[in-house]
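Shown next: target_21.tsv, containing TSV, N, CA and C atoms.
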```
chain	number	residue	atom	x	y	z
A	1	MET	N	29.04	5.09	-2.78
A	1	MET	CA	28.09	5.85	-1.98
A	1	MET	C	26.70	5.76	-2.60
A	2	THR	N	25.74	6.30	-1.88
A	2	THR	CA	24.35	6.21	-2.31
A	2	THR	C	23.58	7.41	-1.76
A	3	TYR	N	22.35	7.52	-2.15
A	3	TYR	CA	21.46	8.50	-1.56
A	3	TYR	C	20.62	7.81	-0.49
A	4	VAL	N	20.14	8.59	0.47
A	4	VAL	CA	19.42	8.06	1.63
A	4	VAL	C	18.17	8.89	1.86
A	5	ILE	N	17.05	8.22	2.09
A	5	ILE	CA	15.80	8.92	2.43
A	5	ILE	C	15.68	8.95	3.95
A	6	THR	N	15.36	10.13	4.48
A	6	THR	CA	15.29	10.33	5.93
A	6	THR	C	13.86	10.62	6.39
A	7	GLU	N	13.73	11.03	7.65
A	7	GLU	CA	12.41	11.18	8.27
A	7	GLU	C	11.52	12.24	7.64
A	8	GLY	N	12.06	13.10	6.81
A	8	GLY	CA	11.22	14.08	6.12
A	8	GLY	C	10.17	13.44	5.24
A	9	CYS	N	10.38	12.18	4.87
A	9	CYS	CA	9.44	11.42	4.03
A	9	CYS	C	8.37	10.72	4.89
A	10	LEU	N	8.64	10.56	6.16
A	10	LEU	CA	7.76	9.81	7.05
A	10	LEU	C	6.35	10.39	7.06
A	11	ASP	N	5.39	9.59	6.64
A	11	ASP	CA	3.97	9.94	6.59
A	11	ASP	C	3.65	11.08	5.61
A	12	LEU	N	4.62	11.48	4.78
A	12	LEU	CA	4.41	12.55	3.80
A	12	LEU	C	4.94	12.15	2.43
A	13	MET	N	4.82	10.91	2.05
A	13	MET	CA	5.41	10.43	0.80
A	13	MET	C	4.86	11.16	-0.41
A	14	ASP	N	5.68	12.00	-1.02
A	14	ASP	CA	5.30	12.73	-2.23
A	14	ASP	C	5.41	11.82	-3.46
A	15	ARG	N	6.37	10.94	-3.49
A	15	ARG	CA	6.61	9.95	-4.54
A	15	ARG	C	7.18	10.51	-5.84
A	16	SER	N	7.51	11.79	-5.89
A	16	SER	CA	8.14	12.35	-7.09
A	16	SER	C	9.44	11.64	-7.42
A	17	CYS	N	10.14	11.23	-6.38
A	17	CYS	CA	11.43	10.55	-6.59
A	17	CYS	C	11.27	9.23	-7.32
A	18	LEU	N	10.15	8.55	-7.12
A	18	LEU	CA	9.91	7.28	-7.80
A	18	LEU	C	9.90	7.47	-9.31
A	19	ASP	N	9.28	8.54	-9.76
A	19	ASP	CA	9.19	8.81	-11.20
A	19	ASP	C	10.53	9.23	-11.79
A	20	GLN	N	11.40	9.84	-10.99
A	20	GLN	CA	12.68	10.36	-11.49
A	20	GLN	C	13.81	9.34	-11.47
A	21	CYS	N	13.69	8.30	-10.66
A	21	CYS	CA	14.78	7.34	-10.52
A	21	CYS	C	14.92	6.50	-11.80
A	22	PRO	N	16.07	6.59	-12.47
A	22	PRO	CA	16.25	5.85	-13.72
A	22	PRO	C	16.50	4.35	-13.53
A	23	VAL	N	16.78	3.92	-12.30
A	23	VAL	CA	17.08	2.50	-12.07
A	23	VAL	C	16.09	1.83	-11.12
A	24	ASP	N	15.01	2.52	-10.79
A	24	ASP	CA	13.96	1.97	-9.92
A	24	ASP	C	14.52	1.37	-8.63
A	25	CYS	N	15.39	2.12	-7.96
A	25	CYS	CA	15.97	1.61	-6.71
A	25	CYS	C	15.21	2.06	-5.47
A	26	ILE	N	14.09	2.76	-5.65
A	26	ILE	CA	13.31	3.27	-4.52
A	26	ILE	C	12.09	2.39	-4.31
A	27	GLN	N	11.91	1.98	-3.06
A	27	GLN	CA	10.79	1.11	-2.70
A	27	GLN	C	9.88	1.83	-1.71
A	28	GLN	N	8.60	1.64	-1.86
A	28	GLN	CA	7.63	2.27	-0.99
A	28	GLN	C	7.25	1.34	0.14
A	29	GLY	N	7.34	1.85	1.38
A	29	GLY	CA	6.80	1.15	2.53
A	29	GLY	C	5.43	1.72	2.83
A	30	GLU	N	4.87	1.40	3.97
A	30	GLU	CA	3.56	1.96	4.35
A	30	GLU	C	3.66	3.43	4.71
A	31	ARG	N	4.77	3.81	5.36
A	31	ARG	CA	4.88	5.16	5.91
A	31	ARG	C	5.96	6.02	5.26
A	32	MET	N	6.91	5.41	4.57
A	32	MET	CA	7.96	6.18	3.89
A	32	MET	C	8.59	5.37	2.77
A	33	LEU	N	9.44	6.03	2.01
A	33	LEU	CA	10.15	5.40	0.90
A	33	LEU	C	11.58	5.07	1.33
A	34	TYR	N	12.20	4.11	0.64
A	34	TYR	CA	13.56	3.66	0.97
A	34	TYR	C	14.36	3.48	-0.32
A	35	ILE	N	15.65	3.81	-0.27
A	35	ILE	CA	16.54	3.64	-1.42
A	35	ILE	C	17.43	2.42	-1.18
A	36	ASN	N	17.46	1.55	-2.18
A	36	ASN	CA	18.32	0.38	-2.12
A	36	ASN	C	19.75	0.82	-2.46
A	37	PRO	N	20.67	0.75	-1.48
A	37	PRO	CA	22.03	1.24	-1.73
A	37	PRO	C	22.80	0.42	-2.75
A	38	ASP	N	22.41	-0.82	-2.96
A	38	ASP	CA	23.10	-1.66	-3.94
A	38	ASP	C	22.71	-1.32	-5.36
A	39	ASP	N	21.54	-0.73	-5.55
A	39	ASP	CA	21.05	-0.41	-6.89
A	39	ASP	C	21.19	1.07	-7.25
A	40	CYS	N	21.33	1.94	-6.25
A	40	CYS	CA	21.44	3.38	-6.49
A	40	CYS	C	22.71	3.68	-7.29
A	41	ILE	N	22.57	4.51	-8.33
A	41	ILE	CA	23.72	4.87	-9.18
A	41	ILE	C	24.23	6.28	-8.87
A	42	ASP	N	23.77	6.87	-7.79
A	42	ASP	CA	24.25	8.18	-7.33
A	42	ASP	C	24.00	9.32	-8.32
A	43	CYS	N	22.91	9.26	-9.05
A	43	CYS	CA	22.65	10.29	-10.06
A	43	CYS	C	22.07	11.57	-9.45
A	44	GLY	N	21.42	11.47	-8.29
A	44	GLY	CA	20.87	12.64	-7.63
A	44	GLY	C	19.52	13.10	-8.15
A	45	ALA	N	18.94	12.38	-9.10
A	45	ALA	CA	17.64	12.78	-9.66
A	45	ALA	C	16.56	12.83	-8.58
A	46	CYS	N	16.62	11.93	-7.63
A	46	CYS	CA	15.61	11.87	-6.58
A	46	CYS	C	15.71	13.06	-5.63
A	47	GLU	N	16.94	13.43	-5.28
A	47	GLU	CA	17.17	14.51	-4.32
A	47	GLU	C	16.60	15.83	-4.83
A	48	SER	N	16.79	16.10	-6.09
A	48	SER	CA	16.39	17.39	-6.64
A	48	SER	C	14.88	17.57	-6.74
A	49	VAL	N	14.09	16.50	-6.71
A	49	VAL	CA	12.64	16.63	-6.83
A	49	VAL	C	11.89	16.42	-5.51
A	50	CYS	N	12.59	16.12	-4.44
A	50	CYS	CA	11.92	15.86	-3.16
A	50	CYS	C	11.49	17.17	-2.51
A	51	PRO	N	10.17	17.43	-2.42
A	51	PRO	CA	9.71	18.69	-1.84
A	51	PRO	C	9.93	18.79	-0.33
A	52	GLN	N	10.14	17.67	0.34
A	52	GLN	CA	10.36	17.68	1.78
A	52	GLN	C	11.85	17.80	2.14
A	53	GLY	N	12.73	17.74	1.16
A	53	GLY	CA	14.16	17.78	1.44
A	53	GLY	C	14.60	16.59	2.28
A	54	ALA	N	13.98	15.44	2.02
A	54	ALA	CA	14.21	14.24	2.83
A	54	ALA	C	15.34	13.37	2.30
A	55	ILE	N	15.88	13.68	1.12
A	55	ILE	CA	16.88	12.83	0.50
A	55	ILE	C	18.25	13.52	0.53
A	56	PHE	N	19.25	12.76	0.99
A	56	PHE	CA	20.61	13.28	1.11
A	56	PHE	C	21.60	12.32	0.48
A	57	PHE	N	22.67	12.87	-0.07
A	57	PHE	CA	23.80	12.05	-0.48
A	57	PHE	C	24.41	11.49	0.80
A	58	ASP	N	24.75	10.22	0.77
A	58	ASP	CA	25.25	9.52	1.95
A	58	ASP	C	26.33	10.30	2.69
A	59	GLU	N	27.29	10.82	1.97
A	59	GLU	CA	28.41	11.54	2.60
A	59	GLU	C	27.99	12.88	3.18
A	60	GLU	N	26.80	13.37	2.84
A	60	GLU	CA	26.34	14.67	3.32
A	60	GLU	C	25.19	14.55	4.32
A	61	LEU	N	24.94	13.35	4.82
A	61	LEU	CA	23.88	13.16	5.81
A	61	LEU	C	24.19	13.95	7.07
A	62	PRO	N	23.24	14.76	7.55
A	62	PRO	CA	23.46	15.43	8.83
A	62	PRO	C	23.65	14.38	9.93
A	63	ALA	N	24.42	14.71	10.92
A	63	ALA	CA	24.75	13.77	12.00
A	63	ALA	C	23.50	13.17	12.65
A	64	ASP	N	22.45	13.98	12.82
A	64	ASP	CA	21.24	13.49	13.49
A	64	ASP	C	20.38	12.59	12.60
A	65	ARG	N	20.79	12.39	11.35
A	65	ARG	CA	20.02	11.54	10.44
A	65	ARG	C	20.82	10.34	9.93
A	66	ARG	N	21.99	10.12	10.47
A	66	ARG	CA	22.85	9.04	9.98
A	66	ARG	C	22.27	7.66	10.20
A	67	SER	N	21.38	7.50	11.16
A	67	SER	CA	20.75	6.19	11.39
A	67	SER	C	19.93	5.75	10.18
A	68	PHE	N	19.50	6.71	9.36
A	68	PHE	CA	18.70	6.37	8.18
A	68	PHE	C	19.51	5.67	7.10
A	69	ARG	N	20.83	5.78	7.14
A	69	ARG	CA	21.69	5.03	6.22
A	69	ARG	C	21.43	3.54	6.42
A	70	ASP	N	21.47	3.10	7.66
A	70	ASP	CA	21.24	1.68	7.97
A	70	ASP	C	19.77	1.30	7.78
A	71	ILE	N	18.86	2.18	8.12
A	71	ILE	CA	17.44	1.89	7.96
A	71	ILE	C	17.12	1.61	6.49
A	72	ASN	N	17.61	2.48	5.58
A	72	ASN	CA	17.37	2.26	4.15
A	72	ASN	C	17.96	0.94	3.70
A	73	ALA	N	19.21	0.66	4.06
A	73	ALA	CA	19.88	-0.58	3.64
A	73	ALA	C	19.18	-1.81	4.22
A	74	ASP	N	18.79	-1.74	5.48
A	74	ASP	CA	18.16	-2.89	6.15
A	74	ASP	C	16.87	-3.33	5.47
A	75	VAL	N	16.11	-2.39	4.94
A	75	VAL	CA	14.86	-2.75	4.26
A	75	VAL	C	15.11	-3.79	3.18
A	76	PHE	N	16.27	-3.71	2.54
A	76	PHE	CA	16.59	-4.61	1.43
A	76	PHE	C	17.38	-5.83	1.87
A	77	THR	N	18.02	-5.78	3.04
A	77	THR	CA	18.81	-6.93	3.50
A	77	THR	C	18.07	-7.80	4.51
A	78	LEU	N	17.03	-7.27	5.13
A	78	LEU	CA	16.27	-8.04	6.12
A	78	LEU	C	15.23	-8.95	5.49
A	79	GLY	N	15.03	-8.82	4.19
A	79	GLY	CA	14.04	-9.65	3.51
A	79	GLY	C	12.61	-9.23	3.80
A	80	LEU	N	12.40	-7.93	4.02
A	80	LEU	CA	11.05	-7.44	4.30
A	80	LEU	C	10.20	-7.51	3.03
A	81	GLU	N	8.94	-7.79	3.20
A	81	GLU	CA	8.00	-7.81	2.08
A	81	GLU	C	7.89	-6.42	1.48
A	82	PRO	N	7.76	-6.31	0.16
A	82	PRO	CA	7.53	-5.00	-0.45
A	82	PRO	C	6.30	-4.34	0.18
A	83	GLY	N	6.39	-3.05	0.40
A	83	GLY	CA	5.29	-2.32	1.04
A	83	GLY	C	5.37	-2.32	2.55
A	84	THR	N	6.40	-2.96	3.09
A	84	THR	CA	6.58	-3.04	4.54
A	84	THR	C	7.64	-2.03	4.97
A	85	ASP	N	7.43	-1.41	6.12
A	85	ASP	CA	8.40	-0.47	6.65
A	85	ASP	C	9.44	-1.17	7.51
A	86	HIS	N	10.58	-0.53	7.64
A	86	HIS	CA	11.61	-0.97	8.58
A	86	HIS	C	10.96	-1.00	9.96
A	87	PRO	N	11.29	-1.96	10.81
A	87	PRO	CA	10.68	-2.05	12.14
A	87	PRO	C	10.79	-0.76	12.96
A	88	LEU	N	11.90	-0.04	12.86
A	88	LEU	CA	12.04	1.21	13.62
A	88	LEU	C	11.09	2.29	13.12
A	89	ILE	N	10.81	2.29	11.83
A	89	ILE	CA	9.88	3.26	11.26
A	89	ILE	C	8.45	2.86	11.59
A	90	ALA	N	8.14	1.60	11.46
A	90	ALA	CA	6.79	1.11	11.77
A	90	ALA	C	6.42	1.39	13.22
A	91	ALA	N	7.41	1.38	14.11
A	91	ALA	CA	7.15	1.56	15.54
A	91	ALA	C	7.02	3.03	15.95
A	92	ARG	N	7.39	3.94	15.08
A	92	ARG	CA	7.31	5.37	15.44
A	92	ARG	C	5.86	5.81	15.61
A	93	ASP	N	5.66	6.69	16.57
A	93	ASP	CA	4.33	7.24	16.83
A	93	ASP	C	3.95	8.14	15.66
A	94	HIS	N	2.77	7.92	15.11
A	94	HIS	CA	2.29	8.70	13.96
A	94	HIS	C	2.10	10.18	14.30
A	95	ARG	N	1.78	10.48	15.52
A	95	ARG	CA	1.40	11.85	15.87
A	95	ARG	C	2.55	12.73	16.35
A	96	THR	N	3.55	12.15	16.99
A	96	THR	CA	4.52	13.01	17.66
A	96	THR	C	5.92	12.96	17.11
A	97	GLU	N	6.31	11.91	16.41
A	97	GLU	CA	7.70	11.80	15.99
A	97	GLU	C	7.89	12.21	14.54
A	98	ARG	N	9.01	12.80	14.27
A	98	ARG	CA	9.45	13.16	12.92
A	98	ARG	C	10.90	12.85	12.79
```

Conversion result in structure tokens:
Amino acid sequence: MTYVITEGCLDLMDRSCLDQCPVDCIQQGERMLYINPDDCIDCGACESVCPQGAIFFDEELPADRRSFRDINADVFTLGLEPGTDHPLIAARDHRTER
């Protein structure tokens, strides 16, 4: 299992989780952060420091946020350039969607 960053991070990147991650498995896009599920060691350090409550343990993802499991993983499997958002995140309206 792994941790997953959800829409609470969208356009509000605090970045505290980057400093706490002992294995540097978190990557920054333009609009939000993403956790590489292959590198995450399930330590939970990121979850405890996220002021937006945007990070969940995979098995505890609320039903309405489960799509973020694939979004986080896809960022690392689609070969996206560092600093690039997942296409579904990049396409979200900045003003109305969360």

Within 8 Å of region 34-43 of chain A, which residues of region 62-95 of chain A show up? Give each one with its shortest atom-to-atom distance in Å (one decimal) and the two atoms involved, counting all atoms listed in the file, rows by chain then rising residue number, as a tab-separated table.
```
residue	atom	partner	partner_atom	distance
A:Ile71	C	A:Tyr34	CA	6.9
A:Asn72	CA	A:Ile35	N	5.0
A:Ala73	CA	A:Pro37	N	5.3
A:Asp74	N	A:Pro37	N	7.6
A:Val75	CA	A:Tyr34	CA	7.3
A:Phe76	CA	A:Asn36	CA	6.4
```

Write the residues of the selection above to a file with N, CA and C atoms, as a CSV table (one decimal), in the coordinates of the input.
```
chain,number,residue,atom,x,y,z
A,71,ILE,N,18.9,2.2,8.1
A,71,ILE,CA,17.4,1.9,8.0
A,71,ILE,C,17.1,1.6,6.5
A,72,ASN,N,17.6,2.5,5.6
A,72,ASN,CA,17.4,2.3,4.2
A,72,ASN,C,18.0,0.9,3.7
A,73,ALA,N,19.2,0.7,4.1
A,73,ALA,CA,19.9,-0.6,3.6
A,73,ALA,C,19.2,-1.8,4.2
A,74,ASP,N,18.8,-1.7,5.5
A,74,ASP,CA,18.2,-2.9,6.2
A,74,ASP,C,16.9,-3.3,5.5
A,75,VAL,N,16.1,-2.4,4.9
A,75,VAL,CA,14.9,-2.8,4.3
A,75,VAL,C,15.1,-3.8,3.2
A,76,PHE,N,16.3,-3.7,2.5
A,76,PHE,CA,16.6,-4.6,1.4
A,76,PHE,C,17.4,-5.8,1.9
```

- Query: With distances taken over only C-alpha atoms, which of A:Cys17, A:Leu80, A:Glu30, A:Ile89 is nearest to Cys50 (chain A)?
  - Reply: A:Cys17

- Task: Please provide the set of residues having any atom within 7 Å of region 10-15 of chain A, restricted to all atoms listed in the file, with same-chain residues fewer than 6 positions apart removed, written as a PyMOL selection string.
- Result: chain A and resi 30-33+51+98

- Smallest atom-to-atom distance to Arg69 (chain A): which of A:Gln27, A:Thr84, A:Thr6, A:Ser48, using all atoms listed in the file?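 Of all the options, A:Thr6 lies closest to Arg69 (chain A).
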
- Item | Shortest interatomic distance to Cys46 (chain A) - which of A:Glu59, A:Asp93, A:Asp85, A:Asp19, counting all atoms listed in the file |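 Checking each of A:Glu59, A:Asp93, A:Asp85, A:Asp19 against Cys46 (chain A), counting all atoms listed in the file, the winner is A:Asp19.
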
Is it possible to get the axis-aligned box enclosing region 48-67 of chain A (all listed atoms, 6 Å extra per side) as JSON, with centre and edge lengths in Å rounded to one decimal?
```
{"center_x": 19.1, "center_y": 12.3, "center_z": 3.3, "size_x": 30.7, "size_y": 25.0, "size_z": 32.3}
```

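Atom N of Pro62 (chain A) lies 25.5 Å from atom N of Gly83 (chain A).
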
- Message: Please report the interatomic distance between CA of Gln52 (chain A) and CA of Pro22 (chain A) in Å with one decimal.
- Response: 20.4 Å

- Task: In Å, rounded to a single decimal, give me how far CA of Tyr3 (chain A) is from CA of Phe56 (chain A).
- Result: 5.5 Å
